[in-house]
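Take a look at the structure set out below.
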Amino acid sequence: MHHFRYTDQNLHCESVELAAVARLYGTPTYVYSATTMADNLHRLKNSLIGLDVQVCYAMKANSSLAVLRHLGNLGAGFDLVSGGEIRRVIAASGDVHSSVFAGVGKTEDEIRLALENGIFALHVESEPELARINHVAGTLGIQAPVAIRINPDVDAQTHAKITTGKQGNKFGISLAQAKLVYEAVAKLKHISLKGVQMHIGSQLADTGPFVEAVKKMVPFVEELKRDYGITYFSIGGGMGIIYPDALASGTQEWWDAKPAAQRPVSPESYGEALTPLLAPLDLKILLEHGRYIVGNAGVLVTRVEHLKRAGGKNFLVVDAAMNDLIRPAMYDSYHEIVPLHRDTSRRALVADVVGPICESSDCFAKDRQLQEVGEGELIALMSAGAYGFSMASRYNSRSLPAEVLVKGSSFELINARETFEQMVANEKIPAFL
Ligand SMILES: *Cc1c(COP(=O)(O)O)cnc(C)c1O
């Protein structure tokens, strides 16, 4: 469910007309719904009924300061993957004490920053990393709280670039190895064992792989609790969202109309499947979803530059490009594309929706059926709240896009469109030229 709807044929985010946002701040612009994020977070928090749940929002999905402040206000901790992310949480007055620090290549400086700011735990991916954490904690004269990331070797049945819990990828330690690692860790002076972690991949469409992974982990987690007194089990993130039917899936009716067997994963189905497996552990459960919390809470608004007809095809050239939203180029991902002004009297148009960048992969959709739209009209790429702006670049010397947050009938620019001066601010032409 989300808060993007047509009212009087005009697409709204909550009570704000998206065209009004575009008029004020130009395009391309990301627009986020604060209420949708809040609803998603709330549903996740309540998914594992009766369990002690801590949601650590995986902020790499969308790390805008305003988004962090909003989710932090609602009680979220954060799943952090770099020193920059730690600083962002601090800058947004977020809670580092209920946040975790993950990633396969943490530097000494990043480890120090996390420890000095009272991180809840570091999620460790290898033995050399443990030695490094032990060393840094030693120099600070403290014990570093850690959990080991286990790779449960299950197939998340998602895109190869976003699967992480299968043997042969770079993440975690295998279950077979894990026992020895925990034994070794327990002997390190400056390490305090707090928990165990897993994360099997992203954009999971159903509960099957989550269930399989948790089932594989449970006997080991029980052992860890008994032998080392661990207090939590982080089951990672990865819950998928609806991309192809994005607009319609904003309503309860859409969900109700789906036969149970075809319903996509939701916090409720996830909770129903996992609570019986997790409850007997009697541990705190950490959830680290990113995409689920923000994905359907954002759209990318873009303007049509031209409708070009060539080689028997139509190309809708828009002012957003792969630098603004790289998911289609990177993962062949699908984003639903809808007009800001819906006019059912217009003809249909089948077109490739492309950006202006000099790469064939700068294509948001191929042979997509759309309502006919012309130069200057506005369209929205749905479900662009996760891995959208956070993966944006300046390729082709295009400025980073603007971001706007909507809450009810209020909206505000939360990140101004980058200027040319900002883009080149750190560059210098050496004197020898
Ligand atoms: C990326 C990541 C997540 C979040 O993934 P989503 O698919 O956005 O939910 C959670 N945990 C870890 C360790 C990650 O790397």
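Ordered as shown in the structure tokens, chains take letters A, B, and onward, while each chain numbers its residues from 1 and ligands are numbered from 1 in the order shown.
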Residues of chain A at most 6 Å from ligand 1: nearest atom pair and distance in Å, only C-alpha atoms and all ligand atoms, as a tab-separated table:
```
residue	atom	partner	partner_atom_place_in_ligand_line	distance
A:Ala58	CA	ligand 1	4 (C)	4.9
A:Ala61	CA	ligand 1	8 (O)	5.6
A:Ala102	CA	ligand 1	13 (C)	5.9
A:His199	CA	ligand 1	13 (C)	5.4
A:Ser202	CA	ligand 1	7 (O)	3.6
A:Gln203	CA	ligand 1	7 (O)	5.4
A:Gly236	CA	ligand 1	11 (N)	4.7
A:Gly237	CA	ligand 1	9 (O)	3.9
A:Gly238	CA	ligand 1	7 (O)	3.4
A:Met239	CA	ligand 1	9 (O)	5.4
A:Glu288	CA	ligand 1	10 (C)	4.6
A:His289	CA	ligand 1	9 (O)	3.5
A:Gly290	CA	ligand 1	8 (O)	3.4
A:Arg291	CA	ligand 1	8 (O)	3.7
A:Tyr292	CA	ligand 1	9 (O)	6.0
```
Write out, as a compact mmCIF listing (two decimals), in the first residue's frame, the residues just selected, with all heavy atoms.
```txt
# COMPACT_ATOMS: atom_id res chain seq x y z
N ALA A 58 17.92 -0.34 6.33
CA ALA A 58 19.14 -0.40 5.50
C ALA A 58 19.20 0.87 4.66
O ALA A 58 18.62 0.98 3.58
CB ALA A 58 19.11 -1.64 4.61
N ALA A 61 19.51 2.14 0.79
CA ALA A 61 18.39 2.23 -0.17
C ALA A 61 18.00 3.69 -0.42
O ALA A 61 17.59 4.04 -1.54
CB ALA A 61 17.19 1.46 0.37
N ALA A 102 27.60 -2.97 8.91
CA ALA A 102 27.85 -4.16 8.10
C ALA A 102 28.82 -3.84 6.96
O ALA A 102 29.21 -2.70 6.76
CB ALA A 102 26.52 -4.68 7.53
N HIS A 199 21.79 -12.45 5.74
CA HIS A 199 21.05 -11.63 4.75
C HIS A 199 21.23 -12.36 3.43
O HIS A 199 22.35 -12.53 2.96
CB HIS A 199 21.62 -10.21 4.68
CG HIS A 199 21.04 -9.39 3.56
ND1 HIS A 199 19.73 -8.94 3.58
CD2 HIS A 199 21.56 -8.97 2.38
CE1 HIS A 199 19.49 -8.26 2.45
NE2 HIS A 199 20.58 -8.26 1.72
N SER A 202 18.19 -9.55 -2.13
CA SER A 202 17.27 -8.43 -2.20
C SER A 202 16.16 -8.72 -3.19
O SER A 202 16.32 -9.56 -4.08
CB SER A 202 18.06 -7.20 -2.65
OG SER A 202 17.34 -6.02 -2.37
N GLN A 203 15.04 -7.98 -3.03
CA GLN A 203 13.91 -8.10 -3.94
C GLN A 203 13.36 -9.53 -3.97
O GLN A 203 13.06 -10.09 -5.01
CB GLN A 203 14.31 -7.58 -5.34
CG GLN A 203 13.20 -7.48 -6.40
CD GLN A 203 11.94 -6.76 -5.90
OE1 GLN A 203 11.95 -6.08 -4.90
NE2 GLN A 203 10.84 -6.93 -6.59
N GLY A 236 18.30 -10.08 8.58
CA GLY A 236 18.59 -9.32 7.36
C GLY A 236 17.37 -8.63 6.78
O GLY A 236 16.35 -8.45 7.45
N GLY A 237 17.53 -8.24 5.53
CA GLY A 237 16.44 -7.55 4.85
C GLY A 237 16.06 -8.32 3.60
O GLY A 237 16.09 -9.54 3.60
N GLY A 238 15.70 -7.59 2.57
CA GLY A 238 15.49 -8.24 1.28
C GLY A 238 14.06 -8.41 0.83
O GLY A 238 13.80 -8.95 -0.24
N MET A 239 13.09 -7.96 1.64
CA MET A 239 11.71 -8.13 1.22
C MET A 239 11.44 -7.30 -0.04
O MET A 239 11.77 -6.12 -0.10
CB MET A 239 10.76 -7.68 2.33
CG MET A 239 9.30 -8.02 2.03
SD MET A 239 8.20 -7.46 3.34
CE MET A 239 8.85 -8.36 4.73
N GLU A 288 16.45 -5.85 8.81
CA GLU A 288 17.27 -4.84 8.12
C GLU A 288 16.75 -4.54 6.72
O GLU A 288 17.52 -4.57 5.77
CB GLU A 288 18.71 -5.34 7.99
CG GLU A 288 19.38 -5.68 9.28
CD GLU A 288 20.68 -6.45 9.05
OE1 GLU A 288 21.01 -6.78 7.89
OE2 GLU A 288 21.36 -6.73 10.04
N HIS A 289 15.45 -4.30 6.61
CA HIS A 289 14.93 -4.04 5.26
C HIS A 289 15.21 -2.61 4.84
O HIS A 289 15.14 -1.68 5.64
CB HIS A 289 13.44 -4.33 5.21
CG HIS A 289 13.13 -5.77 5.50
ND1 HIS A 289 13.23 -6.75 4.55
CD2 HIS A 289 12.80 -6.39 6.65
CE1 HIS A 289 12.95 -7.92 5.09
NE2 HIS A 289 12.69 -7.73 6.38
N GLY A 290 15.53 -2.46 3.58
CA GLY A 290 15.74 -1.14 3.01
C GLY A 290 14.68 -0.87 1.96
O GLY A 290 13.78 -0.03 2.14
N ARG A 291 14.72 -1.64 0.89
CA ARG A 291 13.81 -1.44 -0.22
C ARG A 291 12.34 -1.43 0.22
O ARG A 291 11.56 -0.59 -0.21
CB ARG A 291 13.98 -2.58 -1.25
CG ARG A 291 13.14 -2.43 -2.51
CD ARG A 291 13.18 -3.72 -3.34
NE ARG A 291 14.54 -4.21 -3.47
CZ ARG A 291 15.36 -3.87 -4.44
NH1 ARG A 291 14.97 -3.07 -5.40
NH2 ARG A 291 16.59 -4.36 -4.49
N TYR A 292 11.97 -2.37 1.11
CA TYR A 292 10.56 -2.44 1.47
C TYR A 292 10.06 -1.15 2.11
O TYR A 292 8.93 -0.71 1.88
CB TYR A 292 10.27 -3.65 2.40
CG TYR A 292 8.80 -3.70 2.69
CD1 TYR A 292 7.94 -4.24 1.75
CD2 TYR A 292 8.26 -3.09 3.81
CE1 TYR A 292 6.57 -4.20 1.93
CE2 TYR A 292 6.90 -3.04 4.01
CZ TYR A 292 6.06 -3.60 3.06
OH TYR A 292 4.71 -3.52 3.22
```
**Request:** Using DSSP on the backbone coordinates, identify all residues within region 135-373 of chain A classified as strand (DSSP E); present the result as number ranges by chain.
**Result:** A: 144-151, 173-174, 191-197, 232-234, 284-287, 298-310, 313-318, 337-339, 348-354, 363-371
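In this structure, CA of Tyr182 (chain A) sits 21.3 Å away from CA of Val154 (chain A).
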**Asked** Counting only C-alpha atoms, what is within 12 Å of Leu180 (chain A), bar same-chain residues fewer than 5 positions away, as number ranges by chain?
**Response** A: 126-127, 148, 173-175, 185-187, 224
Please write the residues from the selection above to a file, keeping N, CA, C and O atoms, as a CSV table (one decimal), in the first residue's frame.
```
chain,number,residue,atom,x,y,z
A,126,SER,N,34.3,-11.7,8.1
A,126,SER,CA,35.5,-12.6,7.9
A,126,SER,C,36.4,-12.6,9.1
A,126,SER,O,36.2,-11.7,10.0
A,127,GLU,N,37.3,-13.6,9.2
A,127,GLU,CA,38.2,-13.6,10.3
A,127,GLU,C,39.2,-12.5,10.3
A,127,GLU,O,39.5,-11.9,11.4
A,148,ILE,N,28.4,-12.3,14.0
A,148,ILE,CA,29.0,-12.9,12.8
A,148,ILE,C,27.9,-13.1,11.7
A,148,ILE,O,26.8,-13.6,12.0
A,173,ILE,N,30.1,-16.0,6.4
A,173,ILE,CA,31.0,-17.2,6.7
A,173,ILE,C,30.0,-18.4,6.6
A,173,ILE,O,28.9,-18.3,7.0
A,174,SER,N,30.5,-19.5,6.0
A,174,SER,CA,29.6,-20.6,5.8
A,174,SER,C,29.2,-21.2,7.2
A,174,SER,O,30.0,-21.1,8.2
A,175,LEU,N,28.1,-21.9,7.2
A,175,LEU,CA,27.6,-22.5,8.4
A,175,LEU,C,28.7,-23.5,8.9
A,175,LEU,O,28.9,-23.7,10.1
A,185,VAL,N,36.5,-16.3,18.1
A,185,VAL,CA,36.1,-15.0,18.6
A,185,VAL,C,36.0,-14.9,20.1
A,185,VAL,O,36.4,-13.9,20.7
A,186,ALA,N,35.5,-15.9,20.7
A,186,ALA,CA,35.3,-15.9,22.1
A,186,ALA,C,36.6,-15.7,22.9
A,186,ALA,O,36.6,-15.3,24.0
A,187,LYS,N,37.7,-16.0,22.2
A,187,LYS,CA,39.0,-15.8,22.8
A,187,LYS,C,39.6,-14.5,22.6
A,187,LYS,O,40.6,-14.1,23.2
A,224,LEU,N,24.5,-21.2,19.7
A,224,LEU,CA,25.2,-19.9,20.1
A,224,LEU,C,24.6,-19.3,21.3
A,224,LEU,O,25.4,-18.8,22.2
```
**Message:** Which residue is closest to Tyr395 (chain A)? Choose from A:Asp227, A:Glu183, A:Asp362, A:Asp332 and count only C-alpha atoms.
**Reply:** A:Asp362
**Message:** List the spatial neighbours of Gly75 (chain A) as an MDAnalysis selection string - criterion: any atom at most 9 Å away, only C-alpha atoms, same-chain residues fewer than 2 positions off excluded.
**Reply:** chainID A and resid 54:55 71:73 77 95
Deliver the residues from the most recent selection as a file, using N, CA and C atoms, as a tab-separated table (two decimals), in the first residue's frame.
```tsv
chain	number	residue	atom	x	y	z
A	54	GLN	N	13.65	-5.21	16.49
A	54	GLN	CA	14.32	-3.92	16.27
A	54	GLN	C	14.51	-3.78	14.76
A	55	VAL	N	13.92	-2.74	14.18
A	55	VAL	CA	14.11	-2.53	12.74
A	55	VAL	C	15.31	-1.62	12.53
A	71	LEU	N	12.48	8.48	9.70
A	71	LEU	CA	12.42	7.10	10.18
A	71	LEU	C	12.99	6.98	11.59
A	72	GLY	N	14.01	7.79	11.88
A	72	GLY	CA	14.58	7.81	13.23
A	72	GLY	C	13.54	8.27	14.24
A	73	ASN	N	12.77	9.30	13.88
A	73	ASN	CA	11.70	9.80	14.77
A	73	ASN	C	10.70	8.70	15.08
A	77	GLY	N	16.27	2.07	13.95
A	77	GLY	CA	17.73	2.13	13.96
A	77	GLY	C	18.14	2.01	12.49
A	95	ASP	N	19.74	7.38	15.74
A	95	ASP	CA	20.22	6.63	16.90
A	95	ASP	C	21.27	5.60	16.48
```
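Here CA of Gly201 (chain A) is placed at a distance of 20.4 Å from CA of Glu85 (chain A).
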**Test item: residues at most 10 Å from Phe220 (chain A), only C-alpha atoms, excluding those fewer than 5 positions along its chain, as a list in words** = Leu175, Ala178, Lys179, Val196, Lys215, Lys225 and Arg226 of chain A
Closest contacts (region 229-318 of chain A/region 12-33 of chain A, max 9 Å, only C-alpha atoms) as JSON lines:
```
{"residue": "A:Val294", "atom": "CA", "partner": "A:Tyr32", "partner_atom": "CA", "distance": 8.2}
{"residue": "A:Asn296", "atom": "CA", "partner": "A:Ser33", "partner_atom": "CA", "distance": 8.8}
{"residue": "A:Ala297", "atom": "CA", "partner": "A:Ser33", "partner_atom": "CA", "distance": 5.1}
{"residue": "A:Gly298", "atom": "CA", "partner": "A:Tyr32", "partner_atom": "CA", "distance": 4.2}
{"residue": "A:Val299", "atom": "CA", "partner": "A:Val31", "partner_atom": "CA", "distance": 5.5}
{"residue": "A:Leu300", "atom": "CA", "partner": "A:Tyr30", "partner_atom": "CA", "distance": 4.4}
{"residue": "A:Val301", "atom": "CA", "partner": "A:Thr29", "partner_atom": "CA", "distance": 5.3}
{"residue": "A:Thr302", "atom": "CA", "partner": "A:Pro28", "partner_atom": "CA", "distance": 4.6}
{"residue": "A:Arg303", "atom": "CA", "partner": "A:Thr27", "partner_atom": "CA", "distance": 6.4}
{"residue": "A:Val318", "atom": "CA", "partner": "A:Pro28", "partner_atom": "CA", "distance": 8.9}
```
Expected file: the selected residues, all heavy atoms, as an mmCIF file, in the first residue's frame:
```cif
data_model
loop_
_atom_site.group_PDB
_atom_site.id
_atom_site.type_symbol
_atom_site.label_atom_id
_atom_site.label_comp_id
_atom_site.auth_asym_id
_atom_site.auth_seq_id
_atom_site.Cartn_x
_atom_site.Cartn_y
_atom_site.Cartn_z
ATOM 1 N N VAL A 294 11.199 2.047 1.776
ATOM 2 C CA VAL A 294 11.169 3.279 0.973
ATOM 3 C C VAL A 294 10.833 3.089 -0.509
ATOM 4 O O VAL A 294 10.524 4.064 -1.196
ATOM 5 C CB VAL A 294 12.522 4.039 1.082
ATOM 6 C CG1 VAL A 294 12.722 4.585 2.482
ATOM 7 C CG2 VAL A 294 13.697 3.153 0.663
ATOM 8 N N ASN A 296 8.365 1.774 -2.517
ATOM 9 C CA ASN A 296 7.111 2.240 -3.125
ATOM 10 C C ASN A 296 6.700 3.607 -2.585
ATOM 11 O O ASN A 296 5.644 4.126 -2.933
ATOM 12 C CB ASN A 296 5.993 1.196 -2.937
ATOM 13 C CG ASN A 296 5.507 1.096 -1.497
ATOM 14 O OD1 ASN A 296 6.076 1.711 -0.594
ATOM 15 N ND2 ASN A 296 4.468 0.321 -1.286
ATOM 16 N N ALA A 297 7.567 4.203 -1.759
ATOM 17 C CA ALA A 297 7.273 5.528 -1.191
ATOM 18 C C ALA A 297 7.868 6.645 -2.032
ATOM 19 O O ALA A 297 7.809 7.811 -1.626
ATOM 20 C CB ALA A 297 7.798 5.606 0.239
ATOM 21 N N GLY A 298 8.434 6.319 -3.193
ATOM 22 C CA GLY A 298 9.043 7.371 -4.006
ATOM 23 C C GLY A 298 8.776 7.191 -5.485
ATOM 24 O O GLY A 298 8.613 6.067 -5.969
ATOM 25 N N VAL A 299 8.709 8.312 -6.198
ATOM 26 C CA VAL A 299 8.611 8.277 -7.663
ATOM 27 C C VAL A 299 9.658 9.250 -8.222
ATOM 28 O O VAL A 299 10.104 10.163 -7.528
ATOM 29 C CB VAL A 299 7.208 8.691 -8.192
ATOM 30 C CG1 VAL A 299 6.142 7.736 -7.679
ATOM 31 C CG2 VAL A 299 6.868 10.133 -7.814
ATOM 32 N N LEU A 300 10.011 9.019 -9.473
ATOM 33 C CA LEU A 300 10.899 9.964 -10.155
ATOM 34 C C LEU A 300 10.058 10.679 -11.212
ATOM 35 O O LEU A 300 9.531 10.039 -12.124
ATOM 36 C CB LEU A 300 12.070 9.218 -10.808
ATOM 37 C CG LEU A 300 13.032 10.076 -11.644
ATOM 38 C CD1 LEU A 300 13.659 11.198 -10.815
ATOM 39 C CD2 LEU A 300 14.135 9.199 -12.250
ATOM 40 N N VAL A 301 9.901 11.973 -11.032
ATOM 41 C CA VAL A 301 9.097 12.765 -11.976
ATOM 42 C C VAL A 301 10.022 13.314 -13.054
ATOM 43 O O VAL A 301 11.070 13.894 -12.751
ATOM 44 C CB VAL A 301 8.377 13.924 -11.245
ATOM 45 C CG1 VAL A 301 7.594 14.782 -12.247
ATOM 46 C CG2 VAL A 301 7.447 13.376 -10.167
ATOM 47 N N THR A 302 9.635 13.105 -14.297
ATOM 48 C CA THR A 302 10.465 13.535 -15.413
ATOM 49 C C THR A 302 9.603 14.128 -16.525
ATOM 50 O O THR A 302 8.401 13.851 -16.598
ATOM 51 C CB THR A 302 11.349 12.357 -15.912
ATOM 52 O OG1 THR A 302 12.121 12.775 -17.038
ATOM 53 C CG2 THR A 302 10.517 11.157 -16.327
ATOM 54 N N ARG A 303 10.218 14.942 -17.351
ATOM 55 C CA ARG A 303 9.495 15.677 -18.393
ATOM 56 C C ARG A 303 9.841 15.075 -19.742
ATOM 57 O O ARG A 303 10.978 14.665 -19.996
ATOM 58 C CB ARG A 303 9.938 17.136 -18.346
ATOM 59 C CG ARG A 303 9.052 18.116 -19.087
ATOM 60 C CD ARG A 303 9.453 19.532 -18.699
ATOM 61 N NE ARG A 303 10.849 19.769 -19.038
ATOM 62 C CZ ARG A 303 11.241 20.481 -20.097
ATOM 63 N NH1 ARG A 303 10.370 21.052 -20.886
ATOM 64 N NH2 ARG A 303 12.529 20.637 -20.346
ATOM 65 N N VAL A 318 13.132 11.457 -22.403
ATOM 66 C CA VAL A 318 12.757 12.211 -21.195
ATOM 67 C C VAL A 318 13.985 12.881 -20.593
ATOM 68 O O VAL A 318 15.122 12.578 -20.983
ATOM 69 C CB VAL A 318 12.062 11.295 -20.154
ATOM 70 C CG1 VAL A 318 10.793 10.702 -20.738
ATOM 71 C CG2 VAL A 318 13.003 10.195 -19.672
#
```
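We find CA of Leu130 (chain A) and CA of Gly118 (chain A) to be spaced 17.7 Å apart.
Comparing A:Arg394, A:Glu222, A:Asp155, A:Asp352 by their smallest distance to Ala310 (chain A), the closest is A:Asp352 (using only C-alpha atoms).
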**Asked** Can you list, as a PyMOL selection string, every residue of region 66-221 of chain A that DSSP puts in alpha helix (DSSP H)?
**Response** chain A and resi 66-73+83-91+108-116+127-140+175-186+208-221
Could you give me, as a CSV table (one decimal) with all heavy atoms, in the first residue's frame, the residues within 9 Å of Ile111 (chain A), counting only C-alpha atoms and dropping anything in the same chain fewer than 2 positions from it?
```csv
chain,number,residue,atom,x,y,z
A,83,GLY,N,31.5,4.7,6.7
A,83,GLY,CA,31.7,5.8,7.6
A,83,GLY,C,30.8,7.0,7.2
A,83,GLY,O,30.3,7.7,8.1
A,101,PHE,N,26.6,-2.0,12.0
A,101,PHE,CA,27.5,-1.6,10.9
A,101,PHE,C,27.9,-2.9,10.2
A,101,PHE,O,28.6,-3.8,10.8
A,101,PHE,CB,28.7,-0.9,11.6
A,101,PHE,CG,29.7,-0.4,10.6
A,101,PHE,CD1,29.4,-0.1,9.3
A,101,PHE,CD2,31.0,-0.2,11.0
A,101,PHE,CE1,30.3,0.4,8.4
A,101,PHE,CE2,32.0,0.3,10.1
A,101,PHE,CZ,31.6,0.6,8.8
A,106,LYS,N,35.3,-3.0,6.0
A,106,LYS,CA,35.3,-1.9,7.0
A,106,LYS,C,36.8,-1.4,7.2
A,106,LYS,O,37.6,-2.3,7.6
A,106,LYS,CB,34.7,-2.2,8.3
A,106,LYS,CG,33.2,-2.7,8.2
A,106,LYS,CD,32.8,-3.2,9.6
A,106,LYS,CE,31.5,-4.0,9.5
A,106,LYS,NZ,31.6,-5.4,9.0
A,107,THR,N,37.1,-0.2,7.1
A,107,THR,CA,38.4,0.3,7.4
A,107,THR,C,38.6,0.5,8.9
A,107,THR,O,37.6,0.6,9.6
A,107,THR,CB,38.7,1.6,6.7
A,107,THR,OG1,37.9,2.6,7.2
A,107,THR,CG2,38.4,1.5,5.2
A,108,GLU,N,39.8,0.7,9.3
A,108,GLU,CA,40.1,1.0,10.7
A,108,GLU,C,39.4,2.2,11.2
A,108,GLU,O,38.8,2.3,12.3
A,108,GLU,CB,41.6,1.1,11.0
A,108,GLU,CG,42.3,-0.3,11.0
A,108,GLU,CD,43.6,-0.3,11.7
A,108,GLU,OE1,44.0,0.7,12.4
A,108,GLU,OE2,44.3,-1.3,11.6
A,109,ASP,N,39.5,3.3,10.3
A,109,ASP,CA,38.8,4.5,10.7
A,109,ASP,C,37.3,4.4,10.8
A,109,ASP,O,36.7,5.0,11.7
A,109,ASP,CB,39.1,5.6,9.6
A,109,ASP,CG,40.5,6.1,9.7
A,109,ASP,OD1,41.2,5.9,10.7
A,109,ASP,OD2,41.0,6.8,8.7
A,113,LEU,N,35.1,5.0,14.2
A,113,LEU,CA,34.0,5.9,14.2
A,113,LEU,C,32.7,5.2,14.8
A,113,LEU,O,32.0,5.8,15.6
A,113,LEU,CB,33.7,6.4,12.8
A,113,LEU,CG,32.6,7.4,12.6
A,113,LEU,CD1,33.0,8.7,13.2
A,113,LEU,CD2,32.4,7.6,11.1
A,114,ALA,N,32.5,4.0,14.3
A,114,ALA,CA,31.3,3.2,14.8
A,114,ALA,C,31.4,3.0,16.3
A,114,ALA,O,30.4,3.2,17.0
A,114,ALA,CB,31.2,1.9,14.1
A,115,LEU,N,32.6,2.5,16.8
A,115,LEU,CA,32.7,2.2,18.2
A,115,LEU,C,32.7,3.5,19.1
A,115,LEU,O,32.0,3.5,20.1
A,115,LEU,CB,34.1,1.5,18.4
A,115,LEU,CG,34.2,0.1,17.8
A,115,LEU,CD1,35.6,-0.5,18.0
A,115,LEU,CD2,33.1,-0.9,18.5
A,116,GLU,N,33.3,4.5,18.6
A,116,GLU,CA,33.3,5.8,19.4
A,116,GLU,C,31.8,6.3,19.5
A,116,GLU,O,31.5,7.0,20.5
A,116,GLU,CB,34.2,6.8,18.8
A,116,GLU,CG,35.6,6.6,19.0
A,116,GLU,CD,36.6,7.5,18.3
A,116,GLU,OE1,36.1,8.2,17.3
A,116,GLU,OE2,37.7,7.6,18.6
A,122,LEU,N,28.8,-4.5,15.4
A,122,LEU,CA,29.4,-4.6,14.1
A,122,LEU,C,29.1,-6.0,13.5
A,122,LEU,O,29.2,-7.0,14.2
A,122,LEU,CB,30.9,-4.5,14.2
A,122,LEU,CG,31.3,-3.1,14.6
A,122,LEU,CD1,32.3,-3.1,15.8
A,122,LEU,CD2,32.0,-2.3,13.5
A,132,ARG,N,41.0,-7.2,13.0
A,132,ARG,CA,41.1,-5.7,12.9
A,132,ARG,C,40.2,-5.0,13.9
A,132,ARG,O,40.6,-4.1,14.5
A,132,ARG,CB,40.7,-5.3,11.4
A,132,ARG,CG,40.8,-3.9,11.2
A,132,ARG,CD,40.4,-3.5,9.8
A,132,ARG,NE,41.4,-3.8,8.8
A,132,ARG,CZ,41.4,-3.5,7.5
A,132,ARG,NH1,40.4,-2.8,7.0
A,132,ARG,NH2,42.4,-3.9,6.7
A,133,ILE,N,39.0,-5.5,14.1
A,133,ILE,CA,38.0,-4.9,15.0
A,133,ILE,C,38.6,-5.1,16.4
A,133,ILE,O,38.6,-4.1,17.3
A,133,ILE,CB,36.6,-5.6,14.9
A,133,ILE,CG1,36.0,-5.3,13.6
A,133,ILE,CG2,35.7,-5.1,16.1
A,133,ILE,CD1,34.7,-6.0,13.3
A,136,VAL,N,41.3,-2.5,16.9
A,136,VAL,CA,40.9,-1.1,17.1
A,136,VAL,C,40.2,-0.9,18.4
A,136,VAL,O,40.4,0.1,19.1
A,136,VAL,CB,39.9,-0.7,15.9
A,136,VAL,CG1,39.3,0.7,16.2
A,136,VAL,CG2,40.5,-0.7,14.6
A,137,ALA,N,39.4,-1.9,18.8
A,137,ALA,CA,38.7,-1.8,20.1
A,137,ALA,C,39.8,-1.8,21.2
A,137,ALA,O,39.6,-1.1,22.2
A,137,ALA,CB,37.8,-3.0,20.3
```
**Asked** Which neighbours of region 256-272 of chain A fall inside 12 Å, counting only C-alpha atoms, when residues of the same chain fewer than 6 positions from it are skipped, and could you give them as an MDAnalysis selection string?
**Response** chainID A and resid 1 39:51 53 203:211 214 235 237:245 248:250 278:279 285 287 289 292:293
